[in-house]
Amino acid sequence: MRTVLFTHPSAELYGADRTLLHAVRATVRVGRHAVVALPRRGVLADELERLGAVVEIGTLGAAMRADLSPARFPAFLRQAREGARFVAGLIERHSVDLVHTNTSVLVGAARGAARSGVPHVWHVHEILDEPAWARATMRAALTRWSDVVLANSEATARAMTPRGFDGVRVLHNGFEPERFARRAPVDRAALEDRFGLPRGKRLVVLPGRINAWKGQRLLVEALGRARELSSRVHVAIVGDPPSGQEHFGVELTETIARHGLESTVSVLPFTDDLPELLRAAELCVVPSTKPEPFGLVALEAMASGTAVLAAGHGGLPEIVEAGTTGELFFPGSVDDLAERLVRMLDPRVDLFELGANGRERARRCFSLEAHEAGIVGLQDELIAGRGARRAA
């Protein structure tokens, strides 16, 4: 039995975490053994083990933005070396045939994979835009330490690999139809009671981790300028700040209070009931201030039959068709976001038609089956190539 080692930097269930689950599930389904290295246990480890994967816990040498500072860089280098040794040990112990490094931050794990001589896929879900030297260094590592750079969008491929580089493949993420397909009508009263939402208002959602660039504060600022929406719209921001970055949640709460929007905006913790919230919503806003490498939330909203208003950069324009499945606004512009919110939430606008178009586009262009087939096909190609090299 062939063995694939996956390395991943978190243990939660956000976008890249779910993409990892899809890759592992596809691997197990074709009869391969999946080993997954994580930095700690969490809900993701439980889900992986339910799929039949073996979970290993250890240091992986993830490079976070803060590690780029002169004060922290030496400590990061030590962790990167430890991560490389940990991954090299796993490759030997599990007789690994292929390594799949999930996300660009796992520099240490990727270095260990590259040194092993085992075929290595580096799956990139991020766009590193600054500082310029870090982006150049990351591009060099991606191209030198992997057999294939697998990008989740054309935007990611352009940003993270040099022009003319022929070792990059683009594979869009897929959505989970069993989670996000619109089924029976949502019981709005029960949903509102469960989440403490006001009765009788149109629901707008912004799902995602609360951080510096997902745009939660931008949306609140836009709502502060679109006061006419407050009487008929309620916005649910769904997600938590990363561990150690709880100040982003505090800043968001302060921004809501400063604009007097406490009765218009709710901040809800991460919930497994997100698909139900998306199905109940009339509009999903994805206001990321930095380019989204892909934009899985936008795709999941479309799969739920919900119209999308998204920032027009990164991978989002590859998902959202302006005027057909939703709208795009000028990235980072409070004024443009406010204007388009008012326009889209005008009672005369048929958001349900946009949502229906989005559901059809998600089904046609972003199926999970196509994504998983792409993962397995790439594994087949690289494992077969390794066998051919050994035979020669």
# chains A, B, ... in the order shown; residues from 1 in each chain; ligands from 1
call {"tool": "residues_around", "arguments": {"residues": "A:Leu368", "least_positions_apart": "2", "cutoff": "9 Å", "atoms": "only C-alpha atoms", "output": "ChimeraX atom specification"}}
result
/A:22,173-177,363,366,370-373
call {"tool": "closest_atom_pairs", "arguments": {"of": "stretch 211-308 of chain A", "to": "stretch 323-343 of chain A", "cutoff": "8 Å", "atoms": "only C-alpha atoms", "output": "JSON lines"}}
result
{"residue": "A:Leu218", "atom": "CA", "partner": "A:Val334", "partner_atom": "CA", "distance": 6.3}
{"residue": "A:Leu219", "atom": "CA", "partner": "A:Val334", "partner_atom": "CA", "distance": 7.5}
{"residue": "A:Glu221", "atom": "CA", "partner": "A:Val334", "partner_atom": "CA", "distance": 6.5}
{"residue": "A:Ala222", "atom": "CA", "partner": "A:Ala338", "partner_atom": "CA", "distance": 4.6}
{"residue": "A:Leu223", "atom": "CA", "partner": "A:Ala338", "partner_atom": "CA", "distance": 6.3}
{"residue": "A:Arg225", "atom": "CA", "partner": "A:Ala338", "partner_atom": "CA", "distance": 6.4}
{"residue": "A:Ala226", "atom": "CA", "partner": "A:Ala338", "partner_atom": "CA", "distance": 5.7}
{"residue": "A:Leu229", "atom": "CA", "partner": "A:Val342", "partner_atom": "CA", "distance": 7.0}
{"residue": "A:Pro287", "atom": "CA", "partner": "A:Pro331", "partner_atom": "CA", "distance": 7.4}
{"residue": "A:Ser288", "atom": "CA", "partner": "A:Pro331", "partner_atom": "CA", "distance": 7.4}
{"residue": "A:Thr289", "atom": "CA", "partner": "A:Gly332", "partner_atom": "CA", "distance": 5.2}
{"residue": "A:Lys290", "atom": "CA", "partner": "A:Pro331", "partner_atom": "CA", "distance": 7.9}
{"residue": "A:Met302", "atom": "CA", "partner": "A:Thr325", "partner_atom": "CA", "distance": 7.4}
{"residue": "A:Ala307", "atom": "CA", "partner": "A:Gly326", "partner_atom": "CA", "distance": 5.1}
{"residue": "A:Val308", "atom": "CA", "partner": "A:Gly326", "partner_atom": "CA", "distance": 4.6}
call {"tool": "select_by_dssp", "arguments": {"residues": "stretch 139-356 of chain A", "states": "strand (DSSP E)", "output": "ChimeraX atom specification"}}
result
/A:148-151,168-170,202-207,233-238,265-268,283-286,307-311,326-329
call {"tool": "write_last_selection", "arguments": {"atoms": "N, CA and C atoms", "output": "short mmCIF file (atom, residue, chain, number, x, y, z; two decimals), in the first residue's frame"}}
result
data_model
loop_
_atom_site.label_atom_id
_atom_site.label_comp_id
_atom_site.auth_asym_id
_atom_site.auth_seq_id
_atom_site.Cartn_x
_atom_site.Cartn_y
_atom_site.Cartn_z
N VAL A 148 6.09 19.75 -7.48
CA VAL A 148 4.95 20.48 -8.03
C VAL A 148 4.48 21.48 -6.98
N VAL A 149 4.28 22.73 -7.42
CA VAL A 149 3.58 23.72 -6.60
C VAL A 149 2.12 23.68 -7.02
N LEU A 150 1.25 23.31 -6.10
CA LEU A 150 -0.18 23.22 -6.37
C LEU A 150 -0.86 24.46 -5.81
N ALA A 151 -1.39 25.31 -6.68
CA ALA A 151 -2.02 26.56 -6.26
C ALA A 151 -3.53 26.44 -6.30
N VAL A 168 4.06 24.65 -11.78
CA VAL A 168 2.88 25.02 -11.00
C VAL A 168 1.63 24.45 -11.67
N ARG A 169 0.73 23.95 -10.87
CA ARG A 169 -0.59 23.50 -11.31
C ARG A 169 -1.65 24.29 -10.53
N VAL A 170 -2.77 24.55 -11.14
CA VAL A 170 -3.88 25.22 -10.47
C VAL A 170 -5.01 24.22 -10.29
N ARG A 202 -33.67 41.11 7.55
CA ARG A 202 -32.94 40.39 6.52
C ARG A 202 -31.54 40.07 7.05
N LEU A 203 -31.09 38.85 6.80
CA LEU A 203 -29.84 38.38 7.39
C LEU A 203 -28.70 38.48 6.38
N VAL A 204 -27.60 39.11 6.83
CA VAL A 204 -26.35 39.19 6.07
C VAL A 204 -25.28 38.52 6.93
N VAL A 205 -24.43 37.69 6.33
CA VAL A 205 -23.40 36.99 7.10
C VAL A 205 -22.01 37.29 6.56
N LEU A 206 -21.05 37.30 7.47
CA LEU A 206 -19.63 37.36 7.12
C LEU A 206 -18.94 36.28 7.94
N PRO A 207 -18.71 35.09 7.36
CA PRO A 207 -18.02 34.02 8.09
C PRO A 207 -16.51 34.15 7.91
N VAL A 233 -31.99 45.30 8.33
CA VAL A 233 -30.94 44.31 8.08
C VAL A 233 -30.21 43.99 9.37
N HIS A 234 -29.87 42.71 9.55
CA HIS A 234 -28.99 42.32 10.66
C HIS A 234 -27.80 41.56 10.09
N VAL A 235 -26.61 41.90 10.58
CA VAL A 235 -25.36 41.31 10.10
C VAL A 235 -24.79 40.39 11.17
N ALA A 236 -24.51 39.15 10.79
CA ALA A 236 -23.88 38.19 11.70
C ALA A 236 -22.45 37.94 11.23
N ILE A 237 -21.48 38.35 12.05
CA ILE A 237 -20.07 38.04 11.81
C ILE A 237 -19.76 36.77 12.58
N VAL A 238 -19.33 35.74 11.86
CA VAL A 238 -19.22 34.40 12.46
C VAL A 238 -17.77 33.94 12.41
N VAL A 265 -25.35 44.49 14.43
CA VAL A 265 -24.27 43.53 14.16
C VAL A 265 -24.10 42.59 15.35
N SER A 266 -24.11 41.29 15.08
CA SER A 266 -23.79 40.28 16.09
C SER A 266 -22.47 39.63 15.74
N VAL A 267 -21.65 39.36 16.75
CA VAL A 267 -20.41 38.61 16.55
C VAL A 267 -20.61 37.25 17.20
N LEU A 268 -20.66 36.22 16.38
CA LEU A 268 -20.92 34.86 16.84
C LEU A 268 -19.65 34.04 16.77
N LEU A 283 -27.57 37.43 1.89
CA LEU A 283 -26.32 37.95 1.33
C LEU A 283 -25.15 37.54 2.20
N CYS A 284 -24.07 37.11 1.55
CA CYS A 284 -22.81 36.83 2.23
C CYS A 284 -21.79 37.86 1.76
N VAL A 285 -21.11 38.51 2.71
CA VAL A 285 -20.11 39.52 2.37
C VAL A 285 -18.72 38.96 2.64
N VAL A 286 -17.82 39.10 1.67
CA VAL A 286 -16.44 38.65 1.81
C VAL A 286 -15.55 39.87 1.52
N ALA A 307 -26.52 34.94 -2.41
CA ALA A 307 -25.77 35.92 -3.19
C ALA A 307 -24.54 36.38 -2.43
N VAL A 308 -23.50 36.81 -3.17
CA VAL A 308 -22.22 37.17 -2.56
C VAL A 308 -21.81 38.57 -2.99
N LEU A 309 -21.34 39.36 -2.03
CA LEU A 309 -20.70 40.65 -2.28
C LEU A 309 -19.27 40.51 -1.80
N ALA A 310 -18.31 40.60 -2.72
CA ALA A 310 -16.92 40.28 -2.38
C ALA A 310 -15.97 41.36 -2.89
N ALA A 311 -14.82 41.45 -2.22
CA ALA A 311 -13.75 42.33 -2.67
C ALA A 311 -13.21 41.81 -4.00
N GLY A 326 -23.57 37.67 -7.86
CA GLY A 326 -23.35 38.64 -6.80
C GLY A 326 -22.70 39.88 -7.37
N GLU A 327 -21.89 40.54 -6.56
CA GLU A 327 -21.19 41.74 -6.99
C GLU A 327 -19.79 41.77 -6.39
N LEU A 328 -18.91 42.55 -7.04
CA LEU A 328 -17.56 42.79 -6.54
C LEU A 328 -17.43 44.28 -6.24
N PHE A 329 -16.74 44.60 -5.13
CA PHE A 329 -16.51 46.01 -4.81
C PHE A 329 -15.02 46.30 -4.81
#
call {"tool": "closest_residue", "arguments": {"among": "A:Val87, A:Ala322, A:Ala281, A:Ser304", "to": "A:Leu197", "atoms": "only C-alpha atoms"}}
result
A:Ala281
call {"tool": "residues_around", "arguments": {"residues": "stretch 191-193 of chain A", "least_positions_apart": "2", "cutoff": "10 Å", "atoms": "only C-alpha atoms", "output": "list in words"}}
result
Val186, Asp187, Arg188, Ala189, Phe195, Gly196, Leu197, Pro198, Arg199, Gly200, Leu203, Asp273, Glu276, Leu277 and Ala280 of chain A
call {"tool": "write_last_selection", "arguments": {"atoms": "N, CA and C atoms", "output": "mmCIF file, in the first residue's frame"}}
result
data_model
loop_
_atom_site.group_PDB
_atom_site.id
_atom_site.type_symbol
_atom_site.label_atom_id
_atom_site.label_comp_id
_atom_site.auth_asym_id
_atom_site.auth_seq_id
_atom_site.Cartn_x
_atom_site.Cartn_y
_atom_site.Cartn_z
ATOM 1 N N VAL A 186 -35.035 26.756 6.010
ATOM 2 C CA VAL A 186 -34.507 26.921 7.354
ATOM 3 C C VAL A 186 -35.621 27.436 8.271
ATOM 4 N N ASP A 187 -35.688 26.901 9.463
ATOM 5 C CA ASP A 187 -36.618 27.390 10.479
ATOM 6 C C ASP A 187 -36.030 28.677 11.050
ATOM 7 N N ARG A 188 -36.444 29.810 10.487
ATOM 8 C CA ARG A 188 -35.834 31.085 10.862
ATOM 9 C C ARG A 188 -36.035 31.406 12.339
ATOM 10 N N ALA A 189 -37.224 31.139 12.859
ATOM 11 C CA ALA A 189 -37.491 31.474 14.259
ATOM 12 C C ALA A 189 -36.562 30.693 15.185
ATOM 13 N N PHE A 195 -29.223 31.727 17.999
ATOM 14 C CA PHE A 195 -28.075 32.628 17.900
ATOM 15 C C PHE A 195 -28.344 34.022 18.460
ATOM 16 N N GLY A 196 -29.506 34.225 19.030
ATOM 17 C CA GLY A 196 -29.813 35.530 19.614
ATOM 18 C C GLY A 196 -29.971 36.623 18.577
ATOM 19 N N LEU A 197 -30.481 36.281 17.391
ATOM 20 C CA LEU A 197 -30.667 37.251 16.320
ATOM 21 C C LEU A 197 -32.056 37.876 16.414
ATOM 22 N N PRO A 198 -32.199 39.125 15.998
ATOM 23 C CA PRO A 198 -33.512 39.773 16.067
ATOM 24 C C PRO A 198 -34.480 39.176 15.056
ATOM 25 N N ARG A 199 -35.739 39.217 15.374
ATOM 26 C CA ARG A 199 -36.768 38.688 14.482
ATOM 27 C C ARG A 199 -37.091 39.681 13.365
ATOM 28 N N GLY A 200 -37.401 39.135 12.190
ATOM 29 C CA GLY A 200 -37.974 39.927 11.118
ATOM 30 C C GLY A 200 -37.010 40.761 10.308
ATOM 31 N N LEU A 203 -31.094 38.851 6.799
ATOM 32 C CA LEU A 203 -29.835 38.384 7.393
ATOM 33 C C LEU A 203 -28.696 38.480 6.383
ATOM 34 N N ASP A 273 -22.833 25.058 12.708
ATOM 35 C CA ASP A 273 -24.100 25.392 12.067
ATOM 36 C C ASP A 273 -23.954 26.454 10.986
ATOM 37 N N GLU A 276 -26.218 26.249 7.913
ATOM 38 C CA GLU A 276 -27.599 26.678 8.120
ATOM 39 C C GLU A 276 -27.703 28.199 8.115
ATOM 40 N N LEU A 277 -26.713 28.880 8.708
ATOM 41 C CA LEU A 277 -26.699 30.347 8.665
ATOM 42 C C LEU A 277 -26.578 30.849 7.227
ATOM 43 N N ALA A 280 -29.828 30.482 5.447
ATOM 44 C CA ALA A 280 -30.834 31.435 5.918
ATOM 45 C C ALA A 280 -30.558 32.855 5.453
#
call {"tool": "atom_distance", "arguments": {"atom1": "atom CA of A:Gly117", "atom2": "atom CA of A:Arg85"}}
result
13.9 Å
call {"tool": "closest_residue", "arguments": {"among": "A:Ser230, A:Thr3, A:Gln79, A:Thr27", "to": "A:His259", "atoms": "only C-alpha atoms"}}
result
A:Ser230
call {"tool": "residues_around", "arguments": {"residues": "stretch 29-40 of chain A", "least_positions_apart": "3", "cutoff": "10 Å", "atoms": "only C-alpha atoms", "output": "ChimeraX atom specification"}}
result
/A:1-12,20,23-26,44-45,48-49,51-62,83,86-87,90-91,94,96-97,99-101,109,372,376
call {"tool": "residues_around", "arguments": {"residues": "stretch 126-142 of chain A", "least_positions_apart": "3", "cutoff": "6 Å", "atoms": "only C-alpha atoms", "output": "ChimeraX atom specification"}}
result
/A:145,156,160-161,293
call {"tool": "write_last_selection", "arguments": {"atoms": "C-alpha atoms", "output": "JSON list (two decimals), in the first residue's frame"}}
result
[["chain", "number", "residue", "atom", "x", "y", "z"],
["A", 145, "TRP", "CA", 11.91, 22.36, -2.63],
["A", 156, "THR", "CA", -2.20, 32.41, -6.11],
["A", 160, "MET", "CA", 3.64, 32.87, -5.51],
["A", 161, "THR", "CA", 5.63, 31.49, -8.45],
["A", 293, "PRO", "CA", -5.90, 33.26, -2.45]]
call {"tool": "closest_residue", "arguments": {"among": "A:Gly314, A:Gly385, A:Gly355, A:Pro162", "to": "A:Asp147", "atoms": "only C-alpha atoms"}}
result
A:Gly385
call {"tool": "select_by_dssp", "arguments": {"residues": "stretch 21-244 of chain A", "states": "alpha helix (DSSP H)", "output": "ChimeraX atom specification"}}
result
/A:21-29,43-51,73-93,107-116,132-144,154-160,177-180,188-195,216-225
call {"tool": "atom_distance", "arguments": {"atom1": "atom CA of A:Val250", "atom2": "atom CA of A:Gly208"}}
result
15.9 Å
call {"tool": "atom_distance", "arguments": {"atom1": "atom CA of A:Thr255", "atom2": "atom CA of A:Pro347"}}
result
27.6 Å
call {"tool": "decode", "arguments": {"residues": "stretch 245-258 of chain A", "atoms": "all heavy atoms", "output": "mmCIF file, in the first residue's frame"}}
result
data_model
loop_
_atom_site.group_PDB
_atom_site.id
_atom_site.type_symbol
_atom_site.label_atom_id
_atom_site.label_comp_id
_atom_site.auth_asym_id
_atom_site.auth_seq_id
_atom_site.Cartn_x
_atom_site.Cartn_y
_atom_site.Cartn_z
ATOM 1 N N GLN A 245 -4.255 36.113 19.396
ATOM 2 C CA GLN A 245 -4.584 37.357 18.678
ATOM 3 C C GLN A 245 -5.996 37.823 19.027
ATOM 4 O O GLN A 245 -6.714 38.379 18.195
ATOM 5 C CB GLN A 245 -4.436 37.148 17.170
ATOM 6 C CG GLN A 245 -3.023 36.757 16.759
ATOM 7 C CD GLN A 245 -2.894 36.560 15.267
ATOM 8 O OE1 GLN A 245 -3.514 37.251 14.468
ATOM 9 N NE2 GLN A 245 -2.078 35.590 14.861
ATOM 10 N N GLU A 246 -6.372 37.607 20.281
ATOM 11 C CA GLU A 246 -7.707 37.958 20.724
ATOM 12 C C GLU A 246 -7.989 39.458 20.638
ATOM 13 O O GLU A 246 -9.150 39.876 20.634
ATOM 14 C CB GLU A 246 -7.935 37.474 22.160
ATOM 15 C CG GLU A 246 -8.057 35.966 22.315
ATOM 16 C CD GLU A 246 -6.719 35.228 22.257
ATOM 17 O OE1 GLU A 246 -5.659 35.918 22.257
ATOM 18 O OE2 GLU A 246 -6.726 33.986 22.219
ATOM 19 N N HIS A 247 -6.917 40.256 20.518
ATOM 20 C CA HIS A 247 -7.120 41.710 20.421
ATOM 21 C C HIS A 247 -7.912 42.090 19.175
ATOM 22 O O HIS A 247 -8.580 43.131 19.164
ATOM 23 C CB HIS A 247 -5.773 42.440 20.439
ATOM 24 C CG HIS A 247 -4.873 42.111 19.295
ATOM 25 N ND1 HIS A 247 -4.126 40.958 19.241
ATOM 26 C CD2 HIS A 247 -4.603 42.791 18.150
ATOM 27 C CE1 HIS A 247 -3.431 40.933 18.120
ATOM 28 N NE2 HIS A 247 -3.702 42.026 17.439
ATOM 29 N N PHE A 248 -7.870 41.252 18.134
ATOM 30 C CA PHE A 248 -8.662 41.566 16.946
ATOM 31 C C PHE A 248 -10.158 41.508 17.258
ATOM 32 O O PHE A 248 -10.947 42.308 16.743
ATOM 33 C CB PHE A 248 -8.331 40.609 15.804
ATOM 34 C CG PHE A 248 -6.967 40.835 15.202
ATOM 35 C CD1 PHE A 248 -6.028 39.816 15.173
ATOM 36 C CD2 PHE A 248 -6.618 42.076 14.675
ATOM 37 C CE1 PHE A 248 -4.776 40.021 14.618
ATOM 38 C CE2 PHE A 248 -5.361 42.289 14.120
ATOM 39 C CZ PHE A 248 -4.441 41.256 14.092
ATOM 40 N N GLY A 249 -10.556 40.574 18.112
ATOM 41 C CA GLY A 249 -11.948 40.513 18.523
ATOM 42 C C GLY A 249 -12.346 41.707 19.356
ATOM 43 O O GLY A 249 -13.452 42.257 19.207
ATOM 44 N N VAL A 250 -11.443 42.135 20.234
ATOM 45 C CA VAL A 250 -11.711 43.313 21.070
ATOM 46 C C VAL A 250 -11.857 44.552 20.191
ATOM 47 O O VAL A 250 -12.786 45.361 20.363
ATOM 48 C CB VAL A 250 -10.581 43.504 22.103
ATOM 49 C CG1 VAL A 250 -10.781 44.816 22.868
ATOM 50 C CG2 VAL A 250 -10.535 42.321 23.063
ATOM 51 N N GLU A 251 -10.961 44.716 19.224
ATOM 52 C CA GLU A 251 -11.024 45.876 18.329
ATOM 53 C C GLU A 251 -12.306 45.884 17.514
ATOM 54 O O GLU A 251 -12.909 46.948 17.281
ATOM 55 C CB GLU A 251 -9.805 45.876 17.397
ATOM 56 C CG GLU A 251 -8.486 46.158 18.118
ATOM 57 C CD GLU A 251 -7.281 45.898 17.229
ATOM 58 O OE1 GLU A 251 -7.482 45.508 16.050
ATOM 59 O OE2 GLU A 251 -6.145 46.071 17.707
ATOM 60 N N LEU A 252 -12.756 44.705 17.087
ATOM 61 C CA LEU A 252 -14.001 44.626 16.323
ATOM 62 C C LEU A 252 -15.186 45.057 17.181
ATOM 63 O O LEU A 252 -16.036 45.845 16.728
ATOM 64 C CB LEU A 252 -14.204 43.201 15.810
ATOM 65 C CG LEU A 252 -15.507 42.938 15.059
ATOM 66 C CD1 LEU A 252 -15.609 43.819 13.818
ATOM 67 C CD2 LEU A 252 -15.611 41.452 14.689
ATOM 68 N N THR A 253 -15.239 44.575 18.416
ATOM 69 C CA THR A 253 -16.326 44.960 19.324
ATOM 70 C C THR A 253 -16.323 46.467 19.570
ATOM 71 O O THR A 253 -17.379 47.116 19.601
ATOM 72 C CB THR A 253 -16.192 44.202 20.657
ATOM 73 O OG1 THR A 253 -16.239 42.789 20.399
ATOM 74 C CG2 THR A 253 -17.309 44.570 21.617
ATOM 75 N N GLU A 254 -15.144 47.030 19.744
ATOM 76 C CA GLU A 254 -15.036 48.481 19.958
ATOM 77 C C GLU A 254 -15.498 49.263 18.728
ATOM 78 O O GLU A 254 -16.146 50.307 18.864
ATOM 79 C CB GLU A 254 -13.587 48.840 20.307
ATOM 80 C CG GLU A 254 -13.139 48.329 21.670
ATOM 81 C CD GLU A 254 -11.658 48.555 21.920
ATOM 82 O OE1 GLU A 254 -10.936 48.882 20.937
ATOM 83 O OE2 GLU A 254 -11.216 48.391 23.074
ATOM 84 N N THR A 255 -15.203 48.757 17.534
ATOM 85 C CA THR A 255 -15.628 49.442 16.311
ATOM 86 C C THR A 255 -17.153 49.418 16.187
ATOM 87 O O THR A 255 -17.773 50.419 15.805
ATOM 88 C CB THR A 255 -14.984 48.774 15.077
ATOM 89 O OG1 THR A 255 -13.564 48.780 15.222
ATOM 90 C CG2 THR A 255 -15.361 49.515 13.797
ATOM 91 N N ILE A 256 -17.743 48.274 16.505
ATOM 92 C CA ILE A 256 -19.210 48.176 16.471
ATOM 93 C C ILE A 256 -19.832 49.178 17.432
ATOM 94 O O ILE A 256 -20.787 49.899 17.082
ATOM 95 C CB ILE A 256 -19.652 46.738 16.817
ATOM 96 C CG1 ILE A 256 -19.203 45.771 15.716
ATOM 97 C CG2 ILE A 256 -21.170 46.664 17.020
ATOM 98 C CD1 ILE A 256 -19.347 44.312 16.082
ATOM 99 N N ALA A 257 -19.276 49.270 18.646
ATOM 100 C CA ALA A 257 -19.813 50.199 19.645
ATOM 101 C C ALA A 257 -19.615 51.650 19.225
ATOM 102 O O ALA A 257 -20.502 52.493 19.438
ATOM 103 C CB ALA A 257 -19.149 49.930 20.993
ATOM 104 N N ARG A 258 -18.470 51.943 18.626
ATOM 105 C CA ARG A 258 -18.193 53.321 18.224
ATOM 106 C C ARG A 258 -19.206 53.824 17.198
ATOM 107 O O ARG A 258 -19.571 54.998 17.178
ATOM 108 C CB ARG A 258 -16.777 53.421 17.653
ATOM 109 C CG ARG A 258 -16.349 54.859 17.376
ATOM 110 C CD ARG A 258 -14.888 54.971 17.000
ATOM 111 N NE ARG A 258 -14.588 54.400 15.701
ATOM 112 C CZ ARG A 258 -13.919 53.283 15.499
ATOM 113 N NH1 ARG A 258 -13.460 52.581 16.535
ATOM 114 N NH2 ARG A 258 -13.688 52.832 14.270
#
